[in-house]
Amino acid sequence: MKNWFTRITMPITIAAAAAFAGVGGPAAAAPPTPNPTTPFYLDEPIPLGFGHDCAGFRVLAQLTGKSKEMSLKRDRIIAISPGTSITLTANDKSLTYLITGTTHVQVLSDKSREVRSTGKNLLLVPEVPGVHPEGLFYTTGNVNYALTPTGGEKRLFSGPGQVVDVCALLAK
């Protein structure tokens with residue numbers, strides 16, 4: 001049985017693909033799995049949170065809905081989250097987002113991951129010293145990015161999707 005971190009990470013994708021190592025074999029789908037029902041801080045270390053949120057303040061998250069992962073041939077994974085939403089609270093402000101997007105992960109020969117997120121997703125971007133601070137971004141549409149074998153940022157997300165800087169909205 002997978003832990004809850006693995007089950008909820010695909011709607012919250014940038015920290016997610018680190019959970020997938022060496023996927024292969026025939027297509028297999030886990031049954032839809034409920035997300036945790038208790039609020040948690042995004043900056044808590046795994047498995048409680050994701051280790052990242054907004055630079056300078058903590059963000060409390062509350063998830064509702066279910067997620068499902070499907071392992072496919074040729075080291076691919078598709079994750080869906082129908083009916084999933086997340087409420088983020090910080091600095092006496094709350095925002096709720098529908099995160100029903102689909103994420104496609106291709107595990108490459110060096111174990112890094114090429115990721116394409118479509119639909120509505122919340123991306124947790126880790127800090128890259130000297131490049132950018134950590135952050136949260138709500139994307140609608142198509143974005144793609146690459147992750148290192150350990151789940152770090154190999155290439156920042158980009159694409160034609162719309163992007164909302166959630167940390168800017170939650171800041172004081």
# chains A, B, ... in the order shown; residues from 1 in each chain; ligands from 1
call {"tool": "closest_atom_pairs", "arguments": {"of": "segment 49-87 of chain A", "to": "segment 115-133 of chain A", "cutoff": "9 Å", "atoms": "only C-alpha atoms", "output": "Markdown table"}}
result
| residue | atom | partner | partner_atom | distance |
| --- | --- | --- | --- | --- |
| A:Phe50 | CA | A:Leu124 | CA | 8.2 |
| A:Gly51 | CA | A:Pro126 | CA | 8.3 |
| A:His52 | CA | A:Pro126 | CA | 5.9 |
| A:Asp53 | CA | A:Leu124 | CA | 6.6 |
| A:Cys54 | CA | A:Pro133 | CA | 8.1 |
| A:Ala55 | CA | A:Pro133 | CA | 6.3 |
| A:Ile86 | CA | A:Leu122 | CA | 8.8 |
call {"tool": "write_last_selection", "arguments": {"atoms": "C-alpha atoms", "output": "tab-separated table (two decimals), in the first residue's frame"}}
result
chain	number	residue	atom	x	y	z
A	50	PHE	CA	6.32	18.42	0.76
A	51	GLY	CA	9.22	20.37	2.23
A	52	HIS	CA	8.41	23.47	0.18
A	53	ASP	CA	5.95	26.34	0.23
A	54	CYS	CA	6.37	30.13	0.07
A	55	ALA	CA	9.62	31.88	0.97
A	86	ILE	CA	-7.01	22.29	-2.10
call {"tool": "residues_around", "arguments": {"residues": "Phe40 of chain A", "least_positions_apart": "6", "cutoff": "9 Å", "atoms": "only C-alpha atoms", "output": "PyMOL selection string"}}
result
chain A and resi 48-49+59-62
call {"tool": "closest_residue", "arguments": {"among": "A:Arg76, A:Ser81, A:Glu44, A:Glu134", "to": "Gly152 of chain A", "atoms": "only C-alpha atoms"}}
result
A:Glu134
call {"tool": "atom_distance", "arguments": {"atom1": "atom CA of Arg58 of chain A", "atom2": "atom CA of Val163 of chain A"}}
result
20.8 Å
call {"tool": "atom_distance", "arguments": {"atom1": "atom CA of Val143 of chain A", "atom2": "atom CA of Pro160 of chain A"}}
result
6.6 Å
call {"tool": "atom_distance", "arguments": {"atom1": "atom CA of Lys73 of chain A", "atom2": "atom CA of Ser109 of chain A"}}
result
13.9 Å
call {"tool": "closest_residue", "arguments": {"among": "A:Leu136, A:Leu147, A:Ala79, A:Leu95", "to": "Glu114 of chain A", "atoms": "only C-alpha atoms"}}
result
A:Leu147
call {"tool": "residues_around", "arguments": {"residues": "Asp110 of chain A", "least_positions_apart": "2", "cutoff": "8 Å", "atoms": "only C-alpha atoms", "output": "list of chain:residue names"}}
result
A:Leu108, A:Ser112, A:Pro149
call {"tool": "residues_around", "arguments": {"residues": "Val164 of chain A", "least_positions_apart": "3", "cutoff": "7 Å", "atoms": "only C-alpha atoms", "output": "number ranges by chain"}}
result
A: 137-139
call {"tool": "write_last_selection", "arguments": {"atoms": "N, CA and C atoms", "output": "mmCIF file, in the first residue's frame"}}
result
data_model
loop_
_atom_site.group_PDB
_atom_site.id
_atom_site.type_symbol
_atom_site.label_atom_id
_atom_site.label_comp_id
_atom_site.auth_asym_id
_atom_site.auth_seq_id
_atom_site.Cartn_x
_atom_site.Cartn_y
_atom_site.Cartn_z
ATOM 1 N N PHE A 137 2.632 27.729 -7.457
ATOM 2 C CA PHE A 137 2.048 28.288 -8.673
ATOM 3 C C PHE A 137 0.865 27.440 -9.106
ATOM 4 N N TYR A 138 -0.260 28.100 -9.332
ATOM 5 C CA TYR A 138 -1.459 27.426 -9.833
ATOM 6 C C TYR A 138 -1.428 27.564 -11.351
ATOM 7 N N THR A 139 -1.421 26.434 -12.032
ATOM 8 C CA THR A 139 -1.361 26.463 -13.496
ATOM 9 C C THR A 139 -2.646 25.904 -14.082
#
call {"tool": "closest_residue", "arguments": {"among": "A:Thr148, A:Ser94, A:Thr38, A:Asn142", "to": "Val166 of chain A", "atoms": "only C-alpha atoms"}}
result
A:Ser94
call {"tool": "select_by_dssp", "arguments": {"residues": "segment 59-164 of chain A", "states": "strand (DSSP E)", "output": "ChimeraX atom specification"}}
result
/A:60-64,66-72,76-80,85-90,93-98,102-107,113-118,120-125,135-140,143-147,153-158,162-164
call {"tool": "closest_residue", "arguments": {"among": "A:Asp165, A:Asp43, A:Glu69, A:Asp75", "to": "Thr102 of chain A", "atoms": "only C-alpha atoms"}}
result
A:Glu69
